[in-house]
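K.L.:
One file is attached below, model.txt, containing compact mmCIF, C-alpha atoms.
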```txt
# COMPACT_ATOMS: atom_id res chain seq x y z
CA MET B 12 64.01 32.08 -20.28
CA LEU B 13 61.34 29.37 -20.55
CA ALA B 14 61.74 25.79 -21.73
CA VAL B 15 58.70 24.25 -23.41
CA PRO B 16 57.77 20.73 -22.28
CA VAL B 17 57.26 18.33 -25.21
CA LEU B 18 55.40 15.12 -24.45
CA ASN B 19 56.47 11.91 -26.19
CA PHE B 20 58.52 13.71 -28.88
CA ASP B 21 55.55 15.57 -30.39
CA VAL B 22 57.88 18.35 -31.53
CA THR B 23 55.40 19.94 -33.92
CA GLY B 24 53.24 20.72 -30.90
CA ALA B 25 55.88 23.18 -29.69
CA THR B 26 56.08 25.16 -32.95
CA ALA B 27 54.13 28.16 -31.65
CA GLU B 28 56.26 28.50 -28.53
CA VAL B 29 59.51 28.15 -30.45
CA THR B 30 58.31 30.73 -32.97
CA ALA B 31 57.58 33.04 -30.02
CA GLY B 32 61.18 32.70 -28.83
CA ALA B 33 61.18 29.94 -26.20
CA GLY B 34 64.64 29.38 -24.76
CA GLY B 35 64.47 25.59 -24.71
CA VAL B 36 62.55 22.43 -25.54
CA LEU B 37 62.34 19.73 -22.86
CA PHE B 38 61.48 16.12 -23.73
CA LEU B 39 59.12 14.35 -21.32
CA GLY B 40 57.16 11.10 -21.37
CA ASN B 41 57.95 7.43 -21.85
CA ALA B 42 57.61 6.98 -25.62
CA ALA B 43 60.58 5.82 -27.69
CA PRO B 44 62.11 8.57 -29.82
CA PRO B 45 61.38 8.48 -33.57
CA SER B 46 64.26 7.47 -35.81
CA ASP B 47 63.96 10.77 -37.71
CA LEU B 48 64.09 12.94 -34.59
CA ALA B 49 66.98 15.02 -35.95
CA THR B 50 64.98 15.93 -39.06
CA ARG B 51 61.95 16.88 -37.00
CA LEU B 52 64.06 19.01 -34.67
CA ARG B 53 65.71 20.85 -37.55
CA ALA B 54 62.25 21.75 -38.81
CA LEU B 55 61.13 22.84 -35.33
CA THR B 56 64.15 24.94 -34.40
CA GLY B 57 64.11 26.56 -37.82
CA HIS B 58 61.05 28.49 -36.59
CA ALA B 59 63.10 30.27 -33.90
CA PRO B 60 63.19 34.03 -34.49
CA GLY B 61 66.77 34.31 -33.25
CA ALA B 62 69.00 31.92 -31.33
CA ARG B 63 67.68 28.36 -31.64
CA PRO B 64 66.32 26.81 -28.44
CA LEU B 65 68.33 24.42 -26.33
CA VAL B 66 66.97 20.92 -26.99
CA MET B 67 67.08 19.10 -23.66
CA ALA B 68 66.74 15.53 -22.46
CA ASP B 69 67.52 13.56 -19.31
CA GLU B 70 70.16 11.13 -20.49
CA GLU B 71 71.82 10.19 -17.20
CA GLY B 72 72.06 6.44 -17.57
CA GLY B 73 70.34 3.43 -16.03
CA GLY B 74 66.59 3.99 -15.75
CA VAL B 75 66.84 7.66 -16.76
CA GLN B 76 67.41 7.59 -20.52
CA ARG B 77 64.92 9.41 -22.74
CA LEU B 78 66.72 8.62 -25.98
CA ALA B 79 66.89 4.83 -25.95
CA GLY B 80 67.50 3.54 -29.45
CA LEU B 81 69.25 6.72 -30.58
CA VAL B 82 71.84 6.76 -27.81
CA GLY B 83 73.68 3.64 -26.67
CA GLU B 84 73.05 2.13 -23.27
CA ILE B 85 74.59 3.96 -20.31
CA PRO B 86 74.71 2.29 -16.87
CA TRP B 87 73.39 3.87 -13.70
CA ALA B 88 75.84 6.42 -12.32
CA ARG B 89 76.57 4.23 -9.30
CA SER B 90 77.38 1.30 -11.59
CA MET B 91 79.75 3.46 -13.63
CA ALA B 92 81.68 4.43 -10.52
CA ALA B 93 81.77 0.81 -9.32
CA THR B 94 82.85 -0.85 -12.58
CA MET B 95 84.60 1.78 -14.71
CA SER B 96 87.50 4.20 -14.48
CA THR B 97 86.96 7.93 -14.76
CA ALA B 98 88.60 7.81 -18.19
CA GLN B 99 86.14 5.13 -19.33
CA THR B 100 83.26 7.17 -17.92
CA ARG B 101 84.41 10.24 -19.81
CA ALA B 102 84.73 8.25 -23.03
CA LEU B 103 81.27 6.73 -22.60
CA ALA B 104 79.74 10.16 -22.05
CA GLN B 105 81.56 11.49 -25.08
CA THR B 106 80.17 8.70 -27.26
CA GLY B 107 76.68 9.24 -25.88
CA GLY B 108 77.01 12.98 -26.40
CA ARG B 109 77.93 12.53 -30.05
CA GLN B 110 74.87 10.33 -30.51
CA MET B 111 72.69 12.91 -28.78
CA LEU B 112 73.99 15.67 -31.02
CA ALA B 113 73.42 13.55 -34.12
CA ALA B 114 69.79 13.19 -32.99
CA GLY B 115 69.46 16.97 -32.64
CA VAL B 116 69.61 17.05 -28.84
CA THR B 117 72.01 19.73 -27.67
CA THR B 118 71.66 19.63 -23.87
CA ASP B 119 71.89 16.75 -21.39
CA LEU B 120 70.30 17.32 -17.98
CA ALA B 121 73.13 15.32 -16.43
CA PRO B 122 75.25 14.37 -14.59
CA VAL B 123 73.79 14.05 -11.10
CA LEU B 124 76.39 15.30 -8.60
CA ASP B 125 74.42 14.46 -5.48
CA VAL B 126 76.31 12.44 -2.87
CA ASP B 127 74.08 9.49 -1.99
CA GLY B 128 74.43 5.83 -1.08
CA ARG B 129 70.83 4.93 -0.29
CA PRO B 130 68.38 2.83 -2.34
CA GLY B 131 66.40 4.56 -5.06
CA PRO B 132 65.30 6.46 -7.00
CA SER B 133 61.98 6.32 -5.18
CA ALA B 134 59.32 8.45 -3.53
CA SER B 135 61.57 8.83 -0.50
CA ASN B 136 64.85 9.35 -2.35
CA ALA B 137 65.21 11.06 -5.72
CA ASP B 138 68.81 9.89 -6.13
CA GLY B 139 69.74 6.33 -5.23
CA GLU B 140 71.44 4.73 -8.23
CA ARG B 141 71.49 8.09 -9.99
CA SER B 142 74.30 9.17 -7.65
CA PHE B 143 77.84 8.11 -8.48
CA SER B 144 78.79 7.51 -4.85
CA PRO B 145 78.17 8.27 -1.16
CA ASN B 146 81.82 9.36 -1.14
CA ALA B 147 82.03 13.04 -2.09
CA SER B 148 85.44 12.80 -3.75
CA ILE B 149 84.38 9.81 -5.88
CA ALA B 150 81.13 11.54 -6.87
CA ALA B 151 83.18 14.61 -7.80
CA ALA B 152 85.68 12.69 -9.91
CA TYR B 153 83.13 10.64 -11.83
CA GLY B 154 80.60 13.44 -12.20
CA THR B 155 83.26 15.75 -13.58
CA ALA B 156 84.46 13.04 -15.96
CA PHE B 157 80.93 12.51 -17.30
CA MET B 158 80.46 16.26 -17.67
CA SER B 159 83.75 16.61 -19.53
CA GLY B 160 82.84 13.80 -21.92
CA LEU B 161 79.60 15.52 -22.87
CA ARG B 162 81.36 18.85 -23.37
CA SER B 163 83.98 17.29 -25.61
CA ALA B 164 81.15 15.93 -27.78
CA GLY B 165 79.63 19.39 -28.15
CA VAL B 166 76.68 18.79 -25.81
CA LEU B 167 75.85 21.18 -22.98
CA PRO B 168 75.97 19.28 -19.67
CA VAL B 169 73.81 20.44 -16.76
CA VAL B 170 75.13 19.33 -13.37
CA LYS B 171 72.46 18.78 -10.73
CA HIS B 172 70.79 19.07 -8.18
CA PHE B 173 72.45 22.04 -6.48
CA PRO B 174 73.25 22.29 -3.59
CA GLY B 175 72.85 18.51 -3.21
CA LEU B 176 69.96 16.12 -2.52
CA GLY B 177 72.01 13.37 -0.88
CA GLY B 178 70.52 13.98 2.57
CA ALA B 179 66.92 14.74 1.55
CA GLN B 180 64.34 12.42 3.10
CA ARG B 181 61.72 12.89 0.38
CA ASN B 182 61.52 13.21 -3.39
CA THR B 183 60.70 16.85 -4.10
CA ASP B 184 58.51 15.83 -7.05
CA ASN B 185 56.01 14.67 -4.43
CA GLY B 186 56.24 17.41 -1.81
CA PRO B 187 58.48 19.61 0.34
CA ALA B 188 61.85 18.23 1.42
CA ALA B 189 65.01 19.58 3.01
CA THR B 190 68.65 18.91 2.26
CA SER B 191 71.24 18.19 4.90
CA SER B 192 72.19 21.16 7.06
CA LEU B 193 74.23 23.94 5.51
CA THR B 194 77.24 22.81 7.57
CA GLN B 195 76.96 19.28 6.17
CA LEU B 196 76.49 20.60 2.65
CA ARG B 197 79.70 22.60 2.89
CA ALA B 198 81.65 19.60 4.16
CA ARG B 199 80.28 16.98 1.76
CA ASP B 200 77.53 17.77 -0.74
CA LEU B 201 79.10 20.86 -2.28
CA VAL B 202 82.38 19.04 -2.99
CA PRO B 203 81.30 17.68 -6.43
CA PHE B 204 79.82 21.04 -7.42
CA ARG B 205 83.00 22.88 -6.49
CA ALA B 206 84.98 20.39 -8.58
CA ALA B 207 82.64 20.72 -11.57
CA ILE B 208 82.68 24.51 -11.43
CA ALA B 209 86.48 24.49 -11.23
CA ALA B 210 86.50 22.23 -14.30
CA GLY B 211 84.36 24.69 -16.26
CA ALA B 212 80.77 23.52 -15.71
CA PRO B 213 78.65 25.60 -18.12
CA ALA B 214 75.26 24.99 -16.47
CA VAL B 215 73.88 24.07 -13.05
CA MET B 216 70.38 22.85 -12.16
CA THR B 217 69.04 23.90 -8.78
CA SER B 218 67.03 21.48 -6.68
CA ASN B 219 63.58 22.07 -5.22
CA ALA B 220 64.67 21.19 -1.69
CA SER B 221 65.03 23.77 1.07
CA VAL B 222 68.32 24.16 2.96
CA PRO B 223 68.23 24.18 6.79
CA GLY B 224 70.27 27.09 8.04
CA LEU B 225 70.01 28.97 4.75
CA THR B 226 66.47 29.08 3.32
CA PRO B 227 63.00 27.64 3.98
CA LEU B 228 62.18 28.00 0.28
CA PRO B 229 62.82 25.44 -2.46
CA SER B 230 66.31 26.17 -3.77
CA SER B 231 64.98 27.01 -7.23
CA LEU B 232 63.10 29.94 -5.65
CA SER B 233 65.82 31.07 -3.26
CA ARG B 234 68.10 34.06 -3.79
CA ALA B 235 70.17 32.83 -0.85
CA VAL B 236 70.93 29.60 -2.74
CA ILE B 237 71.27 30.92 -6.30
CA ASP B 238 72.79 34.37 -5.92
CA GLY B 239 74.39 33.86 -2.52
CA LEU B 240 75.71 30.30 -2.36
CA LEU B 241 76.11 29.42 -6.04
CA ARG B 242 77.07 32.74 -7.61
CA GLN B 243 78.89 34.62 -4.86
CA GLN B 244 80.38 31.90 -2.68
CA LEU B 245 81.17 29.25 -5.32
CA GLY B 246 81.86 31.77 -8.07
CA PHE B 247 79.65 30.18 -10.72
CA ARG B 248 79.17 32.42 -13.77
CA GLY B 249 77.28 30.11 -16.13
CA LEU B 250 73.66 29.19 -16.81
CA VAL B 251 71.32 28.43 -13.88
CA ILE B 252 68.42 26.12 -14.77
CA THR B 253 65.60 25.22 -12.40
CA ASP B 254 64.36 21.76 -11.61
CA SER B 255 60.71 21.46 -12.57
CA LEU B 256 58.59 24.23 -11.08
CA SER B 257 55.63 21.87 -11.41
CA ALA B 258 57.07 19.73 -8.60
CA GLY B 259 55.13 19.19 -5.39
CA ALA B 260 57.77 20.99 -3.32
CA VAL B 261 57.14 24.15 -5.36
CA THR B 262 53.38 23.96 -5.72
CA ALA B 263 53.14 23.61 -1.92
CA VAL B 264 54.56 27.11 -1.39
CA THR B 265 53.47 29.12 -4.47
CA ARG B 266 50.13 30.29 -5.84
CA SER B 267 50.73 29.06 -9.38
CA LEU B 268 53.32 28.07 -11.96
CA ALA B 269 53.37 31.66 -13.19
CA ASP B 270 54.04 32.95 -9.68
CA ALA B 271 56.77 30.35 -9.16
CA THR B 272 58.39 31.41 -12.45
CA VAL B 273 58.51 35.05 -11.38
CA GLN B 274 59.91 34.10 -7.97
CA SER B 275 62.57 31.90 -9.53
CA LEU B 276 63.71 34.47 -12.07
CA SER B 277 63.81 37.11 -9.36
CA ALA B 278 65.96 34.81 -7.22
CA GLY B 279 68.53 34.45 -10.01
CA SER B 280 67.42 31.58 -12.24
CA ASP B 281 68.07 31.99 -15.96
CA LEU B 282 66.03 29.23 -17.58
CA VAL B 283 62.83 27.79 -16.11
CA LEU B 284 61.66 24.19 -16.53
CA TYR B 285 58.15 22.97 -15.76
CA GLY B 286 55.75 20.15 -16.54
CA SER B 287 57.88 17.14 -15.60
CA THR B 288 55.62 15.56 -12.96
CA LEU B 289 53.56 13.43 -15.31
CA THR B 290 50.31 12.38 -13.68
CA PRO B 291 47.44 11.70 -16.12
CA ALA B 292 46.22 15.25 -15.48
CA ASP B 293 49.68 16.61 -16.29
CA GLU B 294 49.77 14.68 -19.56
CA LEU B 295 46.45 16.25 -20.50
CA ALA B 296 47.85 19.68 -19.64
CA LEU B 297 50.78 19.08 -21.98
CA GLN B 298 48.61 18.55 -25.05
CA PRO B 299 49.69 21.19 -27.59
CA SER B 300 46.75 23.62 -27.26
CA ARG B 301 46.88 23.58 -23.46
CA ALA B 302 50.67 23.74 -23.38
CA LEU B 303 50.60 26.87 -25.56
CA ALA B 304 48.00 28.45 -23.28
CA THR B 305 50.19 27.73 -20.25
CA TYR B 306 53.24 29.19 -21.97
CA ARG B 307 51.40 32.40 -22.86
CA TRP B 308 49.99 32.66 -19.34
CA VAL B 309 53.44 32.38 -17.78
CA VAL B 310 54.90 34.92 -20.22
CA ALA B 311 52.05 37.36 -19.50
CA ASN B 312 52.70 37.09 -15.77
CA VAL B 313 56.41 37.74 -16.25
CA VAL B 314 55.54 40.87 -18.26
CA THR B 315 53.15 42.00 -15.52
CA ALA B 316 55.84 41.45 -12.89
CA VAL B 317 58.29 43.59 -14.85
CA ARG B 318 55.77 46.40 -15.36
CA SER B 319 54.87 46.42 -11.67
CA GLY B 320 58.52 46.56 -10.62
CA ARG B 321 58.42 43.16 -8.93
CA LEU B 322 60.91 41.75 -11.44
CA PRO B 323 63.68 44.16 -12.55
CA THR B 324 64.46 44.38 -16.25
CA SER B 325 68.14 44.13 -15.32
CA ARG B 326 67.50 40.64 -13.91
CA LEU B 327 65.89 39.57 -17.19
CA ASP B 328 68.80 41.01 -19.16
CA ASP B 329 71.22 39.05 -16.98
CA ALA B 330 69.23 35.83 -17.47
CA VAL B 331 69.04 36.26 -21.23
CA LEU B 332 72.78 36.86 -21.47
CA HIS B 333 73.44 33.61 -19.58
CA VAL B 334 71.07 31.71 -21.92
CA LEU B 335 72.73 33.17 -25.02
CA ALA B 336 76.21 32.45 -23.68
CA ALA B 337 75.24 28.80 -23.17
CA LYS B 338 74.16 28.73 -26.81
CA HIS B 339 77.45 30.39 -27.86
CA VAL B 340 75.52 33.35 -29.25
CA ASP B 341 76.99 36.86 -29.24
CA PRO B 342 74.14 39.17 -28.10
CA CYS B 343 75.73 42.10 -29.93
CA ARG B 344 75.42 40.48 -33.37
```
Would you write out, as structure tokens, the structure that this file holds?
P.N.:
Amino acid sequence: MLAVPVLNFDVTGATAEVTAGAGGVLFLGNAAPPSDLATRLRALTGHAPGARPLVMADEEGGGVQRLAGLVGEIPWARSMAATMSTAQTRALAQTGGRQMLAAGVTTDLAPVLDVDGRPGPSASNADGERSFSPNASIAAAYGTAFMSGLRSAGVLPVVKHFPGLGGAQRNTDNGPAATSSLTQLRARDLVPFRAAIAAGAPAVMTSNASVPGLTPLPSSLSRAVIDGLLRQQLGFRGLVITDSLSAGAVTAVTRSLADATVQSLSAGSDLVLYGSTLTPADELALQPSRALATYRWVVANVVTAVRSGRLPTSRLDDAVLHVLAAKHVDPCR
């Protein structure tokens, strides 16, 4: 249920966590990927005691491409919608997905389904060019096409950032922010997510923004968002992944990363991400020895929460089943 952050493709640094059963590996940093990444990842994931971890990267397009050199250039989402057909977008995503898979990367934290027409990405707007369109139906059509292209290539797409950051007035990496009102979300921002779920979206990433009229908490910590809105009202049955629990919007309302992890799992998340806000101090914290210590600390706090009754075992079982299903693993085997 935890994804290990890996800085600048130092995959050997995550060996201990993968050996311990980490659910995923998340690439962070600005370094170019090594040409032999696939070989290194085979060696790393071979240490997994059971199902191999999801290997995750942000390969959205434009300025958000971790795998430059291994995956061909992909335009910003907004440029795709302005210059390409949905069929061309699907084909481009399929080609990129095949290249990702050849490099050993199995999961793309994309596409962005937020409905946004403002400048960005920036400190005031996480989306900007990352959004396909300020028109909900266009964002839905192109986002679903990109998602379908990745799926056809054998890569797990993760649509984000539920329930929509298009109206947020701040980047949640930097501090608390709110989405548009729940009424506005239902009329506009949820449209692409409904379309993606209807088309078989296997995974959804929750945002760290609160939702006026629904929850004062970051969505990644909110049962009202995850279990209520996403699961019950939209009928989503797949994998729920958090946005980074190291983000400023989360640290502003929780005691620690470990506490945020317990809150998020309790609220209905299945796989927790952390460590993606890379200040110099964060980069130091992601050095292998410190990263392992953080991982063990978070795991120990989850165990404590289960033993105290704060986190039901049934919730963990549910989360694990969603993770295994995303990996196409039969838990009975």
K.L.:
Please indicate the distance in Å from CA of Gln105 in chain B to CA of Leu161 in chain B, rounded to one decimal place.
P.N.:
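If I compute the distance from CA of Gln105 in chain B to CA of Leu161 in chain B, I get 5.0 Å.
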K.L.:
Got a sec: who's within 6 Å of range 176-184 of chain B, counting all atoms listed in the file, leaving out chain neighbours fewer than 6 positions off, as a PDB file with C-alpha atoms, keeping the file's coordinate frame?
P.N.:
```pdb
ATOM      1  CA  ASP B 125      74.420  14.460  -5.480  1.00  0.00           C
ATOM      2  CA  VAL B 126      76.310  12.440  -2.870  1.00  0.00           C
ATOM      3  CA  ASP B 127      74.080   9.490  -1.990  1.00  0.00           C
ATOM      4  CA  ALA B 134      59.320   8.450  -3.530  1.00  0.00           C
ATOM      5  CA  SER B 135      61.570   8.830  -0.500  1.00  0.00           C
ATOM      6  CA  ASN B 136      64.850   9.350  -2.350  1.00  0.00           C
ATOM      7  CA  ALA B 137      65.210  11.060  -5.720  1.00  0.00           C
ATOM      8  CA  THR B 190      68.650  18.910   2.260  1.00  0.00           C
ATOM      9  CA  SER B 191      71.240  18.190   4.900  1.00  0.00           C
ATOM     10  CA  ALA B 258      57.070  19.730  -8.600  1.00  0.00           C
ATOM     11  CA  GLY B 259      55.130  19.190  -5.390  1.00  0.00           C
ATOM     12  CA  ALA B 260      57.770  20.990  -3.320  1.00  0.00           C
TER      13      ALA B 260
END
```
K.L.:
Separation of CA of Val215 in chain B and CA of Pro174 in chain B, in Å?
P.N.:
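Computing the Euclidean distance for CA of Val215 in chain B and CA of Pro174 in chain B yields 9.6 Å.
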K.L.:
Would you compute the distance between CA of Pro203 in chain B and CA of Val123 in chain B? Give it in Å to one decimal.
P.N.:
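Going from CA of Pro203 in chain B over to CA of Val123 in chain B covers 9.6 Å.
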K.L.:
Smallest atom-to-atom distance to Asn19 in chain B: which of B:Ala49, B:Ala214, B:Ala92, B:Leu78, using only C-alpha atoms?
P.N.:
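The closest residue to Asn19 in chain B is B:Leu78.
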K.L.:
Excluding Gly139 in chain B and its own-chain neighbours fewer than 5 positions away, which residues fall within 8 Å of it when counting all atoms listed in the file? Please give them as an MDAnalysis selection string.
P.N.:
chainID B and resid 127:133
K.L.:
Restrict the calculation to only C-alpha atoms, then for each residue of range 219-286 of chain B with any atom at most 10 Å from an atom of range 311-319 of chain B give the closest atom pair and their distance in Å to one decimal, rows by chain and rising residue number, as a tab-separated table.
P.N.:
```
residue	atom	partner	partner_atom	distance
B:Leu268	CA	B:Asn312	CA	9.8
B:Ala269	CA	B:Asn312	CA	6.0
B:Asp270	CA	B:Asn312	CA	7.5
B:Thr272	CA	B:Val313	CA	7.6
B:Val273	CA	B:Val313	CA	5.9
B:Gln274	CA	B:Val313	CA	9.7
B:Leu276	CA	B:Val313	CA	9.0
B:Ser277	CA	B:Ala316	CA	9.7
```
K.L.:
Near range 241-256 of chain B, within 7 Å and counting all atoms listed in the file, which residues show up once chain neighbours fewer than 2 positions away are dropped, as a ChimeraX atom specification?
P.N.:
/B:205,208,213-219,231,236-239,258,261,268,271,280-287,333-334,337
K.L.:
Please report, as lines of an AutoDock Vina configuration file, the centre and edge lengths in Å to one decimal of an axis-aligned box covering all listed atoms of range 241-250 of chain B with 3 Å per side.
P.N.:
```
center_x = 77.8
center_y = 31.9
center_z = -9.7
size_x = 14.2
size_y = 11.4
size_z = 20.1
```
K.L.:
In the coordinates of the file, take the point (69.6, 17.1, -14.6) and a cut-off of 8 Å; then, counting only C-alpha atoms, name each qualifying protein, DNA or RNA residue as a VMD selection string.
P.N.:
chain B and resid 69 71 119 to 123 169 to 172 216 254
K.L.:
Save the residues we just selected, C-alpha atoms, as a PDB file, in the frame of the given file?
P.N.:
```pdb
ATOM      1  CA  ASP B  69      67.520  13.560 -19.310  1.00  0.00           C
ATOM      2  CA  GLU B  71      71.820  10.190 -17.200  1.00  0.00           C
ATOM      3  CA  ASP B 119      71.890  16.750 -21.390  1.00  0.00           C
ATOM      4  CA  LEU B 120      70.300  17.320 -17.980  1.00  0.00           C
ATOM      5  CA  ALA B 121      73.130  15.320 -16.430  1.00  0.00           C
ATOM      6  CA  PRO B 122      75.250  14.370 -14.590  1.00  0.00           C
ATOM      7  CA  VAL B 123      73.790  14.050 -11.100  1.00  0.00           C
ATOM      8  CA  VAL B 169      73.810  20.440 -16.760  1.00  0.00           C
ATOM      9  CA  VAL B 170      75.130  19.330 -13.370  1.00  0.00           C
ATOM     10  CA  LYS B 171      72.460  18.780 -10.730  1.00  0.00           C
ATOM     11  CA  HIS B 172      70.790  19.070  -8.180  1.00  0.00           C
ATOM     12  CA  MET B 216      70.380  22.850 -12.160  1.00  0.00           C
ATOM     13  CA  ASP B 254      64.360  21.760 -11.610  1.00  0.00           C
TER      14      ASP B 254
END
```
K.L.:
Can you tell me, as a ChimeraX atom specification, what residues are no more than 12 Å from Pro64 in chain B when counting only C-alpha atoms, ignoring any on the same chain fewer than 6 positions away?
P.N.:
/B:12-15,25-26,28-37,52-53,55-58,115-118,282,334-335,337-340
K.L.:
Kindly indicate which residue among B:Pro45, B:Gly175, B:Gly320, B:Gly40 lies nearest to Ala68 in chain B, using all atoms listed in the file for the distances.
P.N.:
B:Gly40
K.L.:
Between B:Ala235, B:Ala278, B:Met95, B:Val17, single out the one closest to Met67 in chain B, counting all atoms listed in the file.
P.N.:
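So, comparing all the options, the nearest one is B:Val17.
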K.L.:
Any idea what's packed within 9 Å of Ser163 in chain B, counting all atoms listed in the file, ignoring anything in its chain fewer than 4 positions away? Could you give it as an NGL selection string?
P.N.:
:B and (105 or 108-109 or 158-159)
K.L.:
With all atoms listed in the file as the basis for distance, which of B:Leu65, B:Val222, B:Ala209, B:Ala114 is at the shortest distance from Leu48 in chain B?
P.N.:
B:Ala114
K.L.:
Kindly indicate which residue among B:Gly186, B:Gly72, B:Gly154, B:Gly224 lies nearest to Ala212 in chain B, using all atoms listed in the file for the distances.
P.N.:
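Checking each of B:Gly186, B:Gly72, B:Gly154, B:Gly224 against Ala212 in chain B, counting all atoms listed in the file, the winner is B:Gly154.
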K.L.:
Of the candidates B:Ser192, B:Ser142, B:Thr50, B:Thr23, which shows the shortest atom-to-atom distance to Val75 in chain B, using only C-alpha atoms?
P.N.:
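Comparing B:Ser192, B:Ser142, B:Thr50, B:Thr23 against Val75 in chain B, the winner is B:Ser142.
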